[in-house]
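First comes the structure, then the notes that go with it.
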2 protein chains.
Amino acid sequence: MRHRFFVAAEQMVGQEVRFAAAQSHQIRNVLRLRAGDQVRVFDGHRPIDHVVELESADHGRVVGERQQAAEPKTRLVVYPALLQRDKFEPVLQKLTEIGAAAIAPVITARALVREAPDERRLARWRAIMREATEQSGRGVVPELLPVVGFANAIDGATGRVIMAYEGERRRGLHSALVSGSNEVALFVGPEGGYAPDEAEAAVRAGAVLITLGPRILRTETASPLLAALVLHELGDLSSSTE
Amino acid sequence: MRHRFFVAAEQMVGQEVRFAAAQSHQIRNVLRLRAGDQVRVFDGHRPIDHVVELESADHGRVVGERQQAAEPKTRLVVYPALLQRDKFEPVLQKLTEIGAAAIAPVITARALVREAPDERRLARWRAIMREATEQSGRGVVPELLPVVGFANAIDGATGRVIMAYEGERRRGLHSALVSGSNEVALFVGPEGGYAPDEAEAAVRAGAVLITLGPRILRTETASPLLAALVLHELGDLSSSTE
């Protein structure tokens with residue numbers, strides 16, 4: 001499971017797999033694999049991993065199939081407030097591992113980071129999410145939705161909309177989730193939290209405000225944790241056989 | 001709540017608080033606070049915060065009291081496998097925010113890091129945990145237990161002992177927690193997971209093995225997440241009024 005690569009459809013022709021330059025570099029110089037060693041590849045469409053025997057660091061041949069890690073039944077879209085780079089990149093990584101279907105970075109009133117990312121930054125974020133997908137055993141890279149302002153984000157959210165809000169003292173996550181929710185939108189604010197008028201707008205848009213309990217969590221701790229709690233509550237963190 | 005300092009008993013004499021040199025530096029040069037501004041201090045013993053009005057960056061006077069963030073009813077002791085520094089320090093920080101009562105770093109069979117930390121490293125870990133306590137609103141800094149090998153750790157663990165194990169496919173966290181567990185010991189392995197004989201030793205010692213679901217989580221993601229799930233399941237992440 002360790003060495004797993006996402007490949008574009010055009011990299012697979014019949015049973016032959018051609019690795020991209022960066023993947024060949026990884027195979028040759030980082031993993032130090034040789035002809036005859038095996039890796040796994042997946043294409044983001046078919047729900048299986050291909051077992052590939054290397055013929056060189058550049059190409060290999062499909063010799064088998066393996067199951068992928070199951071995707072959550074719940075479609076979880078996370079709307080984390082945009083944070084400074086060293087805090088936001090681990091959030092993208094962890095939300096991907098945990099099982100988010102899509103991630104929509106949001107510019108909020110109290111955000112320290114307000115400028116939308118440039119194309120280079122977006123490419124870096126996609127690479128982080130692709131690598132986390134490879135590592136997690138998932139077959140689907142989460143969708144990176146466009147960075148938008150809070151008003152657009154809350155208006156566009158569908159399904160059960162949940163917002164972690166410091167001003168909410170009583171309602172916990174459990175009571176916010178109706179059993180059978182199959183689509184959840186999760187909003188987690190920046191370091192300074194949401195502004196009261198953002199919370200009001202969220203409620204008007206149909207969101208449920210929840211507390212994360214008495215202890216104050218850093219926002220980069222809160223968003224992966226809350227994503228995991230949602231999937232746990234909806235049965236998506238246990239095996240389906242439990 | 002933002003500016004909150006842990007002070008030793010000897011820093012408080014009557015209503016007078018004297019800040020340590022590093023705290024004065026923080027107050028003067030980082031937070032840029034002035035005489036008349038307020039901060040909070042707590043001493044790790046009494047379950048209240050003191051509101052302190054600064055007279056200078058070096059000292060101030062208690063002018064009120066505030067409630068602290070509630071401690072979990074559950075005593076949660078986390079036994080994370082020792083990891084490389086850049087991965088382990090965020091684990092200590094997040095476990096503190098979430099509400100661990102104690103943290104016991106463990107040297108496991110497949111650990112990449114095998115040498116016990118020196119005194120300088122331990123001091124750094126304690127500082128990280130103290131700062132996370134200040135930030136979280138908690139009144140108690142979690143105990144940092146001595147770094148031990150796996151065999152000693154599992155033998156010394158008390159309460160409900162739970163181990164996240166890749167080889168366990170079916171049992172989830174929910175069924176591992178008996179309601180009313182008031183003491184939980186949580187074992188999370190290194191990058192390569194626990195060795196099968198470690199899992200066997202854990203079961204012989206009375207531990208319950210659990211899966212974290214079909215997707216593979218990095219160990220530095222798994223330990224805070226599992227700590228939060230334990231406290232969530234036992235009602236310690238919601239307000240007591242829910």
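Residues are referred to by chain and number: the chain letter is A, B, ... according to the order shown in the structure tokens, the number counts from 1 in that chain, and ligands are numbered separately from 1 in the order shown.
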Residue list for chain A near chain B as an MDAnalysis selection string, 6 Å, only C-alpha atoms: chainID A and resid 69:70 97 136:137 170 172 213:217 225 237:239 242
Write to file, as a compact mmCIF listing (two decimals), in the first residue's frame, the residues of the selection just made, with C-alpha atoms.
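Contents of selection_28.txt, as written:
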```txt
# COMPACT_ATOMS: atom_id res chain seq x y z
CA ALA A 69 -10.29 2.24 0.68
CA ALA A 70 -14.03 2.79 0.69
CA GLU A 97 -7.08 11.63 4.53
CA SER A 136 -4.70 7.29 2.42
CA GLY A 137 -5.65 4.51 0.02
CA ARG A 170 -24.98 24.34 24.18
CA GLY A 172 -23.22 19.72 20.20
CA GLY A 213 -17.01 21.99 23.73
CA PRO A 214 -15.54 24.01 26.56
CA ARG A 215 -11.88 23.92 25.49
CA ILE A 216 -10.77 26.28 22.75
CA LEU A 217 -9.29 24.50 19.74
CA LEU A 225 -11.42 16.95 14.03
CA LEU A 237 -15.23 5.96 10.13
CA SER A 238 -15.99 2.36 11.02
CA SER A 239 -15.98 -0.59 8.76
CA GLU A 242 -19.48 -3.34 12.41
```
Close residues, Pro105 (chain B) itself excluded, 8 Å, only C-alpha atoms, min 4 positions apart in chain, as a list in words: Tyr79, Pro80, Ala81, Leu82, Leu145, Pro146, Val147 and Val148 of chain B
Same residues, N, CA and C atoms, saved as a PDB file, in the first residue's frame:
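Final file, again.pdb:
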```pdb
ATOM      1  N   TYR B  79      -0.944   7.458  24.715  1.00  0.00           N
ATOM      2  CA  TYR B  79       0.377   6.849  24.541  1.00  0.00           C
ATOM      3  C   TYR B  79       0.749   6.900  23.055  1.00  0.00           C
ATOM      4  N   PRO B  80       1.163   8.065  22.562  1.00  0.00           N
ATOM      5  CA  PRO B  80       1.535   8.144  21.136  1.00  0.00           C
ATOM      6  C   PRO B  80       2.943   7.597  20.928  1.00  0.00           C
ATOM      7  N   ALA B  81       3.155   6.879  19.823  1.00  0.00           N
ATOM      8  CA  ALA B  81       4.509   6.459  19.481  1.00  0.00           C
ATOM      9  C   ALA B  81       5.352   7.702  19.217  1.00  0.00           C
ATOM     10  N   LEU B  82       6.580   7.658  19.664  1.00  0.00           N
ATOM     11  CA  LEU B  82       7.518   8.744  19.427  1.00  0.00           C
ATOM     12  C   LEU B  82       7.715   8.919  17.916  1.00  0.00           C
ATOM     13  N   LEU B 145       4.449  12.175  30.860  1.00  0.00           N
ATOM     14  CA  LEU B 145       4.980  10.988  31.527  1.00  0.00           C
ATOM     15  C   LEU B 145       6.309  10.582  30.879  1.00  0.00           C
ATOM     16  N   PRO B 146       7.135   9.827  31.586  1.00  0.00           N
ATOM     17  CA  PRO B 146       8.436   9.440  31.032  1.00  0.00           C
ATOM     18  C   PRO B 146       8.281   8.631  29.747  1.00  0.00           C
ATOM     19  N   VAL B 147       9.232   8.815  28.839  1.00  0.00           N
ATOM     20  CA  VAL B 147       9.261   8.032  27.605  1.00  0.00           C
ATOM     21  C   VAL B 147       9.676   6.599  27.961  1.00  0.00           C
ATOM     22  N   VAL B 148       8.844   5.635  27.570  1.00  0.00           N
ATOM     23  CA  VAL B 148       9.170   4.237  27.887  1.00  0.00           C
ATOM     24  C   VAL B 148       9.010   3.361  26.654  1.00  0.00           C
TER      25      VAL B 148
END
```
Tell me, as a list in words, which residues lie within 12 Å of Gln11 (chain B), counting only C-alpha atoms; anything in the same chain fewer than 2 positions away does not count. Phe5, Phe6, Val7, Ala8, Ala9, Val13, Gly14, Gln15, Glu16, Val17, Arg18, Phe19, Ala20, Ala21, Gln23, Val41, Phe42, Asp43, Asp58, His59, Gly60 and Arg61 of chain B
What gap, in Å, lies between CA of Phe150 (chain B) and CA of Leu234 (chain B)? 26.3 Å
What does the structure give for the distance between CA of Pro190 (chain A) and CA of Leu76 (chain A), in Å to one decimal?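 CA of Leu76 (chain A) lies 19.5 Å from CA of Pro190 (chain A).
The space between CA of Leu92 (chain A) and CA of Gly189 (chain A) spans 14.5 Å.
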Can you check which residues of region 6-218 of chain B DSSP gives as alpha helix (DSSP H) on the backbone and send them as a VMD selection string? chain B and resid 21 to 25 85 to 98 119 to 136 150 to 156 173 to 176 196 to 204
Between A:Glu166, A:Ala157, A:Val39, A:Gln67, which is the closest to Glu191 (chain A) once you count only C-alpha atoms?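 When distances to Glu191 (chain A) are compared using only C-alpha atoms, the smallest one comes from A:Glu166.
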From a DSSP calculation on the backbone, collect every residue of region 164-228 of chain A in strand (DSSP E) and output the set as an NGL selection string. :A and (164 or 183-188 or 208-210)
Could you write out that same residue set with N, CA and C atoms as a PDB file, in the first residue's frame?
```pdb
ATOM      1  N   ALA A 164     -19.244  25.628  13.138  1.00  0.00           N
ATOM      2  CA  ALA A 164     -18.643  25.673  14.479  1.00  0.00           C
ATOM      3  C   ALA A 164     -18.540  27.146  14.880  1.00  0.00           C
ATOM      4  N   GLU A 183     -25.547  14.341   2.945  1.00  0.00           N
ATOM      5  CA  GLU A 183     -24.727  15.438   2.443  1.00  0.00           C
ATOM      6  C   GLU A 183     -24.570  16.455   3.570  1.00  0.00           C
ATOM      7  N   VAL A 184     -23.319  16.730   3.944  1.00  0.00           N
ATOM      8  CA  VAL A 184     -23.057  17.652   5.045  1.00  0.00           C
ATOM      9  C   VAL A 184     -22.075  18.718   4.565  1.00  0.00           C
ATOM     10  N   ALA A 185     -22.394  19.985   4.873  1.00  0.00           N
ATOM     11  CA  ALA A 185     -21.483  21.106   4.600  1.00  0.00           C
ATOM     12  C   ALA A 185     -21.000  21.633   5.942  1.00  0.00           C
ATOM     13  N   LEU A 186     -19.695  21.710   6.107  1.00  0.00           N
ATOM     14  CA  LEU A 186     -19.110  22.005   7.412  1.00  0.00           C
ATOM     15  C   LEU A 186     -18.296  23.291   7.347  1.00  0.00           C
ATOM     16  N   PHE A 187     -18.662  24.287   8.146  1.00  0.00           N
ATOM     17  CA  PHE A 187     -17.979  25.579   8.154  1.00  0.00           C
ATOM     18  C   PHE A 187     -17.148  25.732   9.426  1.00  0.00           C
ATOM     19  N   VAL A 188     -15.850  26.010   9.256  1.00  0.00           N
ATOM     20  CA  VAL A 188     -14.966  26.244  10.396  1.00  0.00           C
ATOM     21  C   VAL A 188     -14.221  27.557  10.148  1.00  0.00           C
ATOM     22  N   VAL A 208     -26.908  25.129  11.107  1.00  0.00           N
ATOM     23  CA  VAL A 208     -27.018  24.846  12.535  1.00  0.00           C
ATOM     24  C   VAL A 208     -25.688  25.207  13.175  1.00  0.00           C
ATOM     25  N   LEU A 209     -25.735  26.037  14.222  1.00  0.00           N
ATOM     26  CA  LEU A 209     -24.500  26.416  14.913  1.00  0.00           C
ATOM     27  C   LEU A 209     -24.207  25.392  16.006  1.00  0.00           C
ATOM     28  N   ILE A 210     -22.957  25.003  16.118  1.00  0.00           N
ATOM     29  CA  ILE A 210     -22.601  24.042  17.164  1.00  0.00           C
ATOM     30  C   ILE A 210     -21.368  24.506  17.930  1.00  0.00           C
TER      31      ILE A 210
END
```
Of the listed residues A:Pro196, A:Gly159, A:Gly36, A:Gly167, that which approaches Val51 (chain A) most closely, counting only C-alpha atoms: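 Closest residue, counting only C-alpha atoms: A:Gly36.
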Among listed residues B:Ile128, B:Val178, B:Leu122, B:Ala101, nearest Glu143 (chain B) (using only C-alpha atoms):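 The closest residue to Glu143 (chain B) is B:Ala101.
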With only C-alpha atoms as the counted atoms, please give the residues lying no more than 12 Å from Asp155 (chain A), apart from itself and same-chain residues fewer than 4 positions off, as number ranges by chain. A: 148-151, 159, 161, 185, 198, 201-207
Selection file, C-alpha atoms, as a CSV table (one decimal), in the first residue's frame:
```csv
chain,number,residue,atom,x,y,z
A,148,VAL,CA,-15.0,32.5,-2.3
A,149,GLY,CA,-16.2,35.0,0.2
A,150,PHE,CA,-18.3,33.9,3.2
A,151,ALA,CA,-21.6,35.2,1.8
A,159,GLY,CA,-27.3,19.4,2.5
A,161,VAL,CA,-25.1,22.9,6.9
A,185,ALA,CA,-21.5,21.1,4.6
A,198,GLU,CA,-21.6,35.8,9.8
A,201,ALA,CA,-26.3,35.0,8.0
A,202,ALA,CA,-25.5,31.3,8.4
A,203,VAL,CA,-28.6,30.8,10.6
A,204,ARG,CA,-30.7,32.7,8.0
A,205,ALA,CA,-29.3,30.4,5.3
A,206,GLY,CA,-30.4,27.3,7.4
A,207,ALA,CA,-27.1,26.4,9.1
```
